Amino acid sequence: MVAVYDDGSTVESNAFNATDWIQAEPGNILSAILDLPGEHLQRSAAKVPLIARSSPLLVAPTKTHGLATRSAQSFRFPLTQMPPVTSSGGTFVQASRQDFPMSLTMIASLTILKPRGVREPHWHPNADEWDFVISGRARITLFEGAKKSGSVEVGPGDIGYLKRNAAHAVETIGDEPFRLFSVFNADTFQAIGVSGLLIGTPDEILVRNLGLSEADVTRITREKKFITGT
């Protein structure tokens, strides 16, 4: 399981745990509200570790202390069953609020690049990006403006962070597909790629700003690449 928080400060050690809460309340208040000796509750809760080995929980609780009603929206979403964006270089699938109504402030995506696959240079104008490498290896190049740029190689188990508006590209290293799980702190997915940017720019401006000839500009692709193979 991968847990991701969108506030930049929450971790398991400062999460809201019922055992910590019980220990923090005065014993007499617990006794009055829960009809069980408060000191007994506190001693019992203090013995429970953050992660413990136990028997499986009931799938559908039937006793009093179970879920009385179903939630109006599901907490679970089958990301890999979404129709992917597919190209010669790989696939991309994402679930935003429109697809997963319970997720109001976070978007999940799965990028799979084939060997020699490339995710075009792009940036996200509305969100930071948090990444977890599932398998494979890749090189990520980064550009932040003012000639600040660099690259890093990532592999299985690595995590990464790309702040909002930081341009980046991803290319597979080696003969194994690269699988990347990403989370964005927004409710809609937005990405601006270099191919789409140049498509929407008049040829005259490209000639002046890129130092190209008119003949060179006419050879620039008029197709959005998103993911491609090399």
# chains A, B, ... in the order shown; residues from 1 in each chain; ligands from 1
$ select_by_dssp --residues "range 53-187 of chain A" --states "strand (DSSP E or B)" --output "PyMOL selection string"
chain A and resi 85-87+90-95+107-113+117-123+129-135+137-143+149-154+159-162+167-173+178-184
$ closest_atom_pairs --of "range 99-156 of chain A" --to "range 214-226 of chain A" --cutoff "10 Å" --atoms "only C-alpha atoms" --output "CSV"
residue,atom,partner,partner_atom,distance
A:Val118,CA,A:Phe226,CA,8.4
A:Arg119,CA,A:Phe226,CA,6.0
A:Glu120,CA,A:Phe226,CA,5.4
A:Pro121,CA,A:Phe226,CA,8.4
A:His122,CA,A:Phe226,CA,8.5
$ residues_around --residues "Glu12 in chain A" --least-positions-apart "4" --cutoff "10 Å" --atoms "only C-alpha atoms" --output "PyMOL selection string"
chain A and resi 3+16-17+50
$ select_by_dssp --residues "chain A" --states "helix (DSSP H, G or I)" --output "PyMOL selection string"
chain A and resi 12-14+18-24+27-34+38-46+79-81+194-199+203-210+214-219
$ residues_around --residues "Asn28 in chain A" --least-positions-apart "2" --cutoff "12 Å" --atoms "only C-alpha atoms" --output "JSON, numbers by chain"
{"A": [22, 23, 24, 25, 26, 30, 31, 32, 33, 34, 35, 36, 37, 38, 39, 40, 41, 42]}
$ residues_around --residues "Trp130 in chain A" --least-positions-apart "3" --cutoff "10 Å" --atoms "only C-alpha atoms" --output "MDAnalysis selection string"
chainID A and resid 4:6 108 127 159:163 181:185
$ write_last_selection --atoms "C-alpha atoms" --output "JSON list (two decimals), in the first residue's frame"
[["chain", "number", "residue", "atom", "x", "y", "z"],
["A", 4, "VAL", "CA", -0.13, 9.92, 0.00],
["A", 5, "TYR", "CA", -1.22, 13.10, 1.84],
["A", 6, "ASP", "CA", -1.81, 16.42, 0.12],
["A", 108, "ALA", "CA", -3.97, 9.43, -9.26],
["A", 127, "ALA", "CA", -0.70, 20.90, -9.34],
["A", 159, "ILE", "CA", 9.83, 8.48, -4.87],
["A", 160, "GLY", "CA", 10.05, 11.91, -6.42],
["A", 161, "TYR", "CA", 8.50, 15.36, -6.22],
["A", 162, "LEU", "CA", 7.98, 17.89, -9.01],
["A", 163, "LYS", "CA", 6.60, 21.25, -8.02],
["A", 181, "PHE", "CA", 2.39, 5.87, -10.08],
["A", 182, "SER", "CA", 1.75, 9.61, -9.64],
["A", 183, "VAL", "CA", -0.46, 11.77, -7.46],
["A", 184, "PHE", "CA", -1.40, 15.41, -8.14],
["A", 185, "ASN", "CA", -2.88, 17.80, -5.54]]
$ atom_distance --atom1 "CA of Ile192 in chain A" --atom2 "CA of Ala166 in chain A"
10.9 Å
$ residues_around --residues "Glu171 in chain A" --least-positions-apart "2" --cutoff "8 Å" --atoms "only C-alpha atoms" --output "PyMOL selection string"
chain A and resi 113+116-119+138-140+169+173
$ atom_distance --atom1 "CA of Gly157 in chain A" --atom2 "CA of Met1 in chain A"
12.1 Å
$ atom_distance --atom1 "CA of Pro101 in chain A" --atom2 "CA of Pro78 in chain A"
12.9 Å
$ closest_residue --among "A:Ala72, A:Phe189, A:Lys147, A:Gly155" --to "Asp99 in chain A" --atoms "only C-alpha atoms"
A:Phe189
$ decode --residues "range 142-229 of chain A" --atoms "C-alpha atoms" --output "compact mmCIF listing (two decimals), in the first residue's frame"
# COMPACT_ATOMS: atom_id res chain seq x y z
CA LEU A 142 13.75 18.93 -15.18
CA PHE A 143 13.64 22.60 -16.18
CA GLU A 144 12.52 25.39 -13.83
CA GLY A 145 13.32 28.49 -15.84
CA ALA A 146 16.26 30.91 -15.58
CA LYS A 147 18.42 28.17 -17.10
CA LYS A 148 17.92 25.93 -14.04
CA SER A 149 17.84 22.35 -15.28
CA GLY A 150 19.07 18.88 -14.42
CA SER A 151 18.33 15.17 -14.65
CA VAL A 152 18.06 12.18 -12.33
CA GLU A 153 17.76 8.43 -12.83
CA VAL A 154 15.09 6.60 -10.83
CA GLY A 155 14.28 2.95 -10.20
CA PRO A 156 11.92 0.64 -8.26
CA GLY A 157 10.92 2.00 -4.86
CA ASP A 158 12.13 5.55 -5.53
CA ILE A 159 9.83 8.48 -4.87
CA GLY A 160 10.05 11.91 -6.42
CA TYR A 161 8.50 15.36 -6.22
CA LEU A 162 7.98 17.89 -9.01
CA LYS A 163 6.60 21.25 -8.02
CA ARG A 164 3.88 23.05 -9.93
CA ASN A 165 4.96 24.58 -13.27
CA ALA A 166 8.30 22.73 -13.30
CA ALA A 167 8.77 21.35 -16.81
CA HIS A 168 9.90 17.72 -16.99
CA ALA A 169 10.25 14.76 -19.34
CA VAL A 170 10.65 11.03 -18.72
CA GLU A 171 12.50 8.46 -20.83
CA THR A 172 12.90 4.74 -20.21
CA ILE A 173 16.36 3.34 -19.48
CA GLY A 174 17.08 -0.28 -20.42
CA ASP A 175 14.92 -3.06 -21.84
CA GLU A 176 12.24 -3.21 -19.13
CA PRO A 177 8.99 -1.19 -19.17
CA PHE A 178 8.87 1.71 -16.72
CA ARG A 179 5.80 1.89 -14.47
CA LEU A 180 5.20 5.12 -12.55
CA PHE A 181 2.39 5.87 -10.08
CA SER A 182 1.75 9.61 -9.64
CA VAL A 183 -0.46 11.77 -7.46
CA PHE A 184 -1.40 15.41 -8.14
CA ASN A 185 -2.88 17.80 -5.54
CA ALA A 186 -5.75 19.03 -7.70
CA ASP A 187 -9.25 17.94 -8.70
CA THR A 188 -8.69 18.06 -12.47
CA PHE A 189 -5.73 16.85 -14.51
CA GLN A 190 -3.93 19.52 -16.51
CA ALA A 191 -0.72 19.12 -18.52
CA ILE A 192 0.83 21.36 -21.17
CA GLY A 193 3.26 19.56 -23.47
CA VAL A 194 5.92 21.03 -25.73
CA SER A 195 4.31 19.51 -28.84
CA GLY A 196 0.94 21.12 -28.13
CA LEU A 197 2.64 24.41 -27.26
CA LEU A 198 4.45 24.58 -30.61
CA ILE A 199 1.38 23.47 -32.56
CA GLY A 200 -0.51 26.49 -31.26
CA THR A 201 2.30 28.98 -31.97
CA PRO A 202 2.41 30.82 -35.34
CA ASP A 203 5.28 29.80 -37.60
CA GLU A 204 6.65 33.35 -37.73
CA ILE A 205 7.08 33.40 -33.95
CA LEU A 206 8.82 30.02 -33.99
CA VAL A 207 11.25 31.26 -36.63
CA ARG A 208 12.14 34.34 -34.59
CA ASN A 209 12.30 32.73 -31.15
CA LEU A 210 13.92 29.38 -31.97
CA GLY A 211 16.38 30.64 -34.58
CA LEU A 212 15.04 28.19 -37.16
CA SER A 213 14.52 28.61 -40.86
CA GLU A 214 11.04 28.53 -42.33
CA ALA A 215 11.86 25.13 -43.82
CA ASP A 216 12.80 23.79 -40.37
CA VAL A 217 9.57 25.08 -38.85
CA THR A 218 7.46 23.35 -41.47
CA ARG A 219 9.03 20.03 -40.43
CA ILE A 220 8.00 20.40 -36.77
CA THR A 221 5.28 17.91 -35.94
CA ARG A 222 1.67 19.06 -36.02
CA GLU A 223 0.62 16.18 -33.79
CA LYS A 224 0.48 16.13 -29.99
CA LYS A 225 2.86 13.40 -28.84
CA PHE A 226 2.14 13.02 -25.09
CA ILE A 227 3.87 9.60 -25.01
CA THR A 228 5.94 8.31 -27.91
CA GLY A 229 8.70 5.87 -28.81
